[in-house]
Amino acid sequence: MNKKIDTVFAVGVVGALAVCSAVTMFHSPRVMSEKENRELAQAPELTRESLFGGSFTTDFEAYAADQFFWRDAAVSLKADTEKAIGKKGNNGVYFCDDGYLIANPPPFDDSALTKNLEAIKQLDALGEYNITLAVVPTAYEILKDKLPGYAYEDRLAREQEYIRVSMEGSGVGVCDTTPILSAHSGEYIYYRTDHHQTALGSYYVYSALGSSLGYKPHSISEYSRETMTDKFYGTSWSKASLTFAEPDTIERFVLNNGFAASTVFGTENKRLDSMYAMERLNEKDKYSVFLDGNHALTVINSNAGTGKRLAVFKDSYAHSIAPFLAAHFDSVHLIDMRYYNDDIIRYLGENDITNVLVLYNAEGFMEDTNLAKAGDYALTSDYIKMPDFGFLPEQDRVDDDYFADAVFFGDSLVAGYSYSASIPAQFVCKTSVNTRTVRSSALPSGKTVMESLLAAEGVNKYYLMLGINEVSYNPPEAYKEDYRSIIKDVRAQNPESIIYLMSVLPIEHSVEASTNISKAKIDAYNEALVSLAEEEQCYYLNINGCLAEEDGYLRDGAASDGIHVGGTDHRKWEEYLRTHAVKARTAASAAQAFSLYSGGGSLDTAAFAADMLSSVPFKDNMSEVSESVAARMFELEPGAALNGTVYTSGGGTAEEFAVFECADAAQAEALTEKLRKRVESRKGDFDVYKPEEMPKLNSAFVVSKGNLAFMCISDDNSAAEAVINRY
């Protein structure tokens, strides 16, 4: 009898599988699995190469497994069975007390942390922003008492300590929200089936951020709480694949004071009349009701009336927190660096944003390094707010490091200063030299003064002072033109450098009485220097003004000869330099040392890019990225290629193209592997954010042709292939 039952059962199972297989063959393949929240494998193309190369068999197995008709039911049955027999988790998700499904965070790894923190420091170094960093702990840390007994490790606690230590001494404010969330851990502050916080948990984070961002949080009694849905199953439920789980409730907090806001998406033609995309409640990913889910750029405009703007570098944890923040800022600009590729420094500047919040969940901050792109732009952006050229007003004081890449050039006045200077700069100077003799007057090295200036290594800032030795006879206009030729030679040597023109210094009354040097002539020279600085994009330093008395002369006895000042005035001079320095440009100048390309290639990259842009029907606005950003995108070292160019979209699509000219075919093939790795990385970024972009990524064109390595992500790779074939 048992044998007969076993036979019937076996026949039934085989029959069921046969039916499922038959239905699968005639069933239209699905693109996405809502339950697993991922893209499903599609039928592979049968070609001679794929069949005999083995890829067809492998791809067909994946297709058959993903498109199996009862796949979702089978996956859930497996998970339910494992839970019933006492297993404590499935697919990286723990089955926890009180029905919580809590994801197992990644192992502690300071490599990604270091990259993200370095990017924040690079933004801070510009001196333009008030930056707050908040890395919000997930339920794994705050609800650790609900985890299975063996599961907890202090990974996220170690992360918070690493952040605290790394940011000590910086200008970045660190807001640790762990204490406030721990104090309310008994409340419904995390979804049971999702990795995000609830609106209540988001309120507590918002409250903790108040002191750092300069606002007084509204009390919870000032809000009405509205349930938007009580049928939410989140990402943890999708991963765990359980059939039976209590759904979550999503609510929103509405201020009772007439507050109103609307939302626009900067890289897309889309807007909301509120901060909530209510139609998203009809989809599986109901958390996207907050700000319509992931977008490269989301801007909340409100009637807060504070006159303040806030930029938030973020992941999706910020979506339920941002509506609270909007009550204190006229606009909140949420930037997701996974998808935003434009010059973020330019964006912040053009929108007059000085308040910056970096807001991530603790697990994401330990894995996602796209924030590093913001740091790259802090080093390379051509839009860094600079003072107007010409007369330089007082700036923030700089320290010794600022002068490490500076050279001081001039006559005996500079030579005298060099003996008492405490700054770590180079000095190239000679007694009696002037604007006309710098190219003929030699130094002990045998080089002329000008040759020595241009030969100085590691220089990005030039401090020039000439004039006292010719003011008695050289007319101001001739002096100005002679000086201009020096500036042009420096610019030809180092186009990105900062050039300071230091004023001719004042003299004592006695000098005017006994020589042809006069205050009037010095004033005329300095007026010529101001206009020259404006015309040649230099900065004029009025050191004359900081040393002269009210009548415009040096105080009597300041110099033994009435001209060459001593230590007391040198200290005034130096303090003036420290408080009149273009600090924001320091990082941009230093970035010039990075060179992705070693040079010597023959590819006309400008023509290639123009050909691509005109031939391939890109949907997005494409723009070229800097060498350091390109290196970050493809994980390349300086000198990785002879030549190249990279263009990417603004974030609305996954579109990109890159071409690199290499020394030989072997190097091109090796670099092509980097391009393929980039495509795989972008798949991870877009599979949930914009699944409609996945076909482009799955069919990305990556190839090496001779010594060229090429990649294109577009809707028409045949056009891209035609371009690469022409080159």
# chains A, B, ... in the order shown; residues from 1 in each chain; ligands from 1
$ select_by_dssp --residues "region 393-597 of chain A" --states "helix (DSSP H, G or I)" --output "PyMOL selection string"
chain A and resi 400-405+412-420+449-455+476-493+509-514+519-535+543-547+567-578+585-593
$ residues_around --residues "Glu226 (chain A)" --least-positions-apart "6" --cutoff "9 Å" --atoms "only C-alpha atoms" --output "PyMOL selection string"
chain A and resi 250-254
$ write_last_selection --atoms "C-alpha atoms" --output "tab-separated table (two decimals), in the first residue's frame"
chain	number	residue	atom	x	y	z
A	250	ILE	CA	2.60	53.59	6.33
A	251	GLU	CA	1.54	56.91	7.78
A	252	ARG	CA	2.42	60.54	7.28
A	253	PHE	CA	2.70	63.43	9.71
A	254	VAL	CA	0.86	66.60	8.63
$ residues_around --residues "Phe329 (chain A)" --least-positions-apart "6" --cutoff "8 Å" --atoms "only C-alpha atoms" --output "list in words"
Ser302, Ala304, Gly305, Thr306, Gly307, Lys308, Arg309 and Leu310 of chain A
$ write_last_selection --atoms "N, CA and C atoms" --output "tab-separated table (two decimals), in the first residue's frame"
chain	number	residue	atom	x	y	z
A	302	SER	N	8.77	74.79	-0.46
A	302	SER	CA	7.74	74.94	0.56
A	302	SER	C	7.46	76.41	0.86
A	304	ALA	N	7.82	77.59	3.86
A	304	ALA	CA	8.42	77.74	5.19
A	304	ALA	C	8.77	79.19	5.49
A	305	GLY	N	9.22	79.93	4.47
A	305	GLY	CA	9.50	81.35	4.64
A	305	GLY	C	10.72	81.66	5.50
A	306	THR	N	11.68	80.75	5.56
A	306	THR	CA	12.88	80.97	6.38
A	306	THR	C	14.02	81.59	5.60
A	307	GLY	N	13.93	81.57	4.27
A	307	GLY	CA	15.02	82.08	3.45
A	307	GLY	C	16.21	81.14	3.38
A	308	LYS	N	16.07	79.93	3.89
A	308	LYS	CA	17.19	78.99	3.92
A	308	LYS	C	16.94	77.84	2.94
A	309	ARG	N	18.05	77.31	2.41
A	309	ARG	CA	18.00	76.17	1.49
A	309	ARG	C	18.91	75.07	2.02
A	310	LEU	N	18.54	73.84	1.76
A	310	LEU	CA	19.30	72.70	2.27
A	310	LEU	C	19.52	71.69	1.14
$ closest_residue --among "A:Ala240, A:Pro393, A:Phe660, A:Pro617" --to "Leu541 (chain A)" --atoms "only C-alpha atoms"
A:Pro393
$ residues_around --residues "Ala548 (chain A)" --least-positions-apart "6" --cutoff "7 Å" --atoms "only C-alpha atoms" --output "PDB file with N, CA and C atoms, in the first residue's frame"
ATOM      1  N   PRO A 506      55.103 100.988   0.712  1.00  0.00           N
ATOM      2  CA  PRO A 506      55.253 102.434   0.970  1.00  0.00           C
ATOM      3  C   PRO A 506      56.692 102.781   1.374  1.00  0.00           C
ATOM      4  N   LEU A 554      55.358 105.112   5.201  1.00  0.00           N
ATOM      5  CA  LEU A 554      55.861 104.291   6.305  1.00  0.00           C
ATOM      6  C   LEU A 554      56.105 105.182   7.512  1.00  0.00           C
ATOM      7  N   ARG A 555      55.902 104.617   8.685  1.00  0.00           N
ATOM      8  CA  ARG A 555      56.222 105.372   9.895  1.00  0.00           C
ATOM      9  C   ARG A 555      57.732 105.619   9.949  1.00  0.00           C
TER      10      ARG A 555
END
$ residues_around --residues "Glu721 (chain A)" --least-positions-apart "5" --cutoff "12 Å" --atoms "only C-alpha atoms" --output "list in words"
Asp611, Met612, Ser615, Val616, Phe657, Val659, Ala700, Phe701, Val702, Val703, Ser704, Lys705, Phe710, Met711, Cys712, Ile713, Ser714, Asp716, Arg726 and Tyr727 of chain A
$ write_last_selection --atoms "N, CA and C atoms" --output "short mmCIF file (atom, residue, chain, number, x, y, z; two decimals), in the first residue's frame"
data_model
loop_
_atom_site.label_atom_id
_atom_site.label_comp_id
_atom_site.auth_asym_id
_atom_site.auth_seq_id
_atom_site.Cartn_x
_atom_site.Cartn_y
_atom_site.Cartn_z
N ASP A 611 31.15 62.95 -32.82
CA ASP A 611 30.59 61.91 -33.68
C ASP A 611 29.58 61.06 -32.92
N MET A 612 29.92 60.68 -31.69
CA MET A 612 29.00 59.88 -30.87
C MET A 612 27.71 60.65 -30.59
N SER A 615 25.56 60.85 -33.69
CA SER A 615 25.17 59.59 -34.33
C SER A 615 24.26 58.73 -33.47
N VAL A 616 24.46 58.76 -32.16
CA VAL A 616 23.71 57.89 -31.25
C VAL A 616 22.54 58.68 -30.67
N PHE A 657 28.95 56.84 -22.40
CA PHE A 657 29.90 56.24 -23.33
C PHE A 657 31.31 56.66 -22.93
N VAL A 659 35.61 56.09 -24.29
CA VAL A 659 36.63 55.53 -25.17
C VAL A 659 37.99 55.84 -24.57
N ALA A 700 24.48 46.53 -23.17
CA ALA A 700 25.56 47.52 -23.29
C ALA A 700 26.64 47.02 -24.25
N PHE A 701 27.15 47.93 -25.06
CA PHE A 701 28.17 47.59 -26.07
C PHE A 701 29.54 47.88 -25.48
N VAL A 702 30.30 46.85 -25.20
CA VAL A 702 31.65 46.98 -24.64
C VAL A 702 32.59 46.17 -25.50
N VAL A 703 33.65 46.79 -26.01
CA VAL A 703 34.51 46.10 -26.96
C VAL A 703 35.90 46.73 -26.93
N SER A 704 36.90 45.94 -27.27
CA SER A 704 38.23 46.49 -27.55
C SER A 704 38.50 46.29 -29.03
N LYS A 705 38.97 47.34 -29.67
CA LYS A 705 39.28 47.31 -31.10
C LYS A 705 40.70 47.83 -31.27
N PHE A 710 36.27 50.54 -25.56
CA PHE A 710 35.08 51.35 -25.80
C PHE A 710 33.88 50.77 -25.06
N MET A 711 33.01 51.66 -24.58
CA MET A 711 31.76 51.26 -23.95
C MET A 711 30.67 52.25 -24.34
N CYS A 712 29.46 51.73 -24.57
CA CYS A 712 28.32 52.61 -24.80
C CYS A 712 27.08 51.97 -24.21
N ILE A 713 26.33 52.75 -23.45
CA ILE A 713 25.04 52.34 -22.91
C ILE A 713 24.00 53.26 -23.54
N SER A 714 23.22 52.70 -24.47
CA SER A 714 22.24 53.52 -25.20
C SER A 714 21.15 52.61 -25.74
N ASP A 716 20.60 52.47 -28.96
CA ASP A 716 20.98 52.10 -30.33
C ASP A 716 22.48 51.84 -30.38
N ARG A 726 34.59 53.37 -37.29
CA ARG A 726 35.19 54.43 -38.10
C ARG A 726 36.53 54.87 -37.54
N TYR A 727 36.76 54.60 -36.25
CA TYR A 727 38.01 55.05 -35.63
C TYR A 727 39.01 53.91 -35.44
#
$ residues_around --residues "Tyr191 (chain A)" --least-positions-apart "4" --cutoff "10 Å" --atoms "only C-alpha atoms" --output "MDAnalysis selection string"
chainID A and resid 100:102 139 195:199 201 232:234 236 247:250
$ atom_distance --atom1 "CA of Glu470 (chain A)" --atom2 "CA of Asp388 (chain A)"
28.8 Å
$ residues_around --residues "Glu536 (chain A)" --least-positions-apart "3" --cutoff "8 Å" --atoms "only C-alpha atoms" --output "list of chain:residue names"
A:Arg484, A:Ile487, A:Leu532, A:Ala533
$ decode --residues "region 285-340 of chain A" --atoms "C-alpha atoms" --output "PDB file, in the first residue's frame"
ATOM      1  CA  ASP A 285       6.873  49.271  -3.400  1.00  0.00           C
ATOM      2  CA  LYS A 286       4.521  51.389  -1.343  1.00  0.00           C
ATOM      3  CA  TYR A 287       7.403  53.130   0.462  1.00  0.00           C
ATOM      4  CA  SER A 288       7.822  55.068  -2.794  1.00  0.00           C
ATOM      5  CA  VAL A 289       4.802  57.104  -1.718  1.00  0.00           C
ATOM      6  CA  PHE A 290       7.448  59.279  -0.046  1.00  0.00           C
ATOM      7  CA  LEU A 291       8.777  61.635  -2.749  1.00  0.00           C
ATOM      8  CA  ASP A 292       7.978  59.116  -5.515  1.00  0.00           C
ATOM      9  CA  GLY A 293      10.933  56.900  -4.609  1.00  0.00           C
ATOM     10  CA  ASN A 294      14.444  57.168  -6.025  1.00  0.00           C
ATOM     11  CA  HIS A 295      15.346  60.018  -8.354  1.00  0.00           C
ATOM     12  CA  ALA A 296      18.686  61.573  -9.209  1.00  0.00           C
ATOM     13  CA  LEU A 297      17.504  65.000  -8.060  1.00  0.00           C
ATOM     14  CA  THR A 298      14.390  65.788  -6.020  1.00  0.00           C
ATOM     15  CA  VAL A 299      13.565  69.353  -4.947  1.00  0.00           C
ATOM     16  CA  ILE A 300      10.936  70.155  -2.310  1.00  0.00           C
ATOM     17  CA  ASN A 301       9.717  73.764  -2.440  1.00  0.00           C
ATOM     18  CA  SER A 302       7.735  74.938   0.563  1.00  0.00           C
ATOM     19  CA  ASN A 303       6.119  77.982   2.139  1.00  0.00           C
ATOM     20  CA  ALA A 304       8.420  77.740   5.191  1.00  0.00           C
ATOM     21  CA  GLY A 305       9.503  81.352   4.640  1.00  0.00           C
ATOM     22  CA  THR A 306      12.877  80.967   6.382  1.00  0.00           C
ATOM     23  CA  GLY A 307      15.016  82.080   3.449  1.00  0.00           C
ATOM     24  CA  LYS A 308      17.192  78.988   3.917  1.00  0.00           C
ATOM     25  CA  ARG A 309      17.996  76.170   1.489  1.00  0.00           C
ATOM     26  CA  LEU A 310      19.299  72.696   2.267  1.00  0.00           C
ATOM     27  CA  ALA A 311      21.061  70.112   0.099  1.00  0.00           C
ATOM     28  CA  VAL A 312      20.806  66.475   1.200  1.00  0.00           C
ATOM     29  CA  PHE A 313      23.198  63.862  -0.166  1.00  0.00           C
ATOM     30  CA  LYS A 314      21.196  60.746   0.540  1.00  0.00           C
ATOM     31  CA  ASP A 315      19.901  57.264   0.012  1.00  0.00           C
ATOM     32  CA  SER A 316      16.239  56.265   0.307  1.00  0.00           C
ATOM     33  CA  TYR A 317      16.315  56.516   4.115  1.00  0.00           C
ATOM     34  CA  ALA A 318      16.019  60.276   3.659  1.00  0.00           C
ATOM     35  CA  HIS A 319      12.712  60.066   1.788  1.00  0.00           C
ATOM     36  CA  SER A 320      10.545  59.792   4.898  1.00  0.00           C
ATOM     37  CA  ILE A 321      12.712  62.283   6.833  1.00  0.00           C
ATOM     38  CA  ALA A 322      12.764  65.041   4.203  1.00  0.00           C
ATOM     39  CA  PRO A 323       9.072  66.031   4.650  1.00  0.00           C
ATOM     40  CA  PHE A 324       9.886  67.006   8.247  1.00  0.00           C
ATOM     41  CA  LEU A 325      12.972  68.992   7.175  1.00  0.00           C
ATOM     42  CA  ALA A 326      10.976  70.892   4.537  1.00  0.00           C
ATOM     43  CA  ALA A 327       9.135  72.816   7.267  1.00  0.00           C
ATOM     44  CA  HIS A 328      12.386  74.673   8.090  1.00  0.00           C
ATOM     45  CA  PHE A 329      13.802  75.351   4.612  1.00  0.00           C
ATOM     46  CA  ASP A 330      12.303  77.132   1.630  1.00  0.00           C
ATOM     47  CA  SER A 331      13.769  74.396  -0.560  1.00  0.00           C
ATOM     48  CA  VAL A 332      15.280  71.000   0.160  1.00  0.00           C
ATOM     49  CA  HIS A 333      17.422  69.544  -2.643  1.00  0.00           C
ATOM     50  CA  LEU A 334      17.811  65.769  -2.356  1.00  0.00           C
ATOM     51  CA  ILE A 335      20.716  64.432  -4.412  1.00  0.00           C
ATOM     52  CA  ASP A 336      21.236  60.720  -5.001  1.00  0.00           C
ATOM     53  CA  MET A 337      24.834  60.337  -6.170  1.00  0.00           C
ATOM     54  CA  ARG A 338      24.098  56.856  -7.505  1.00  0.00           C
ATOM     55  CA  TYR A 339      22.318  58.556 -10.383  1.00  0.00           C
ATOM     56  CA  TYR A 340      23.354  62.218 -10.352  1.00  0.00           C
TER      57      TYR A 340
END
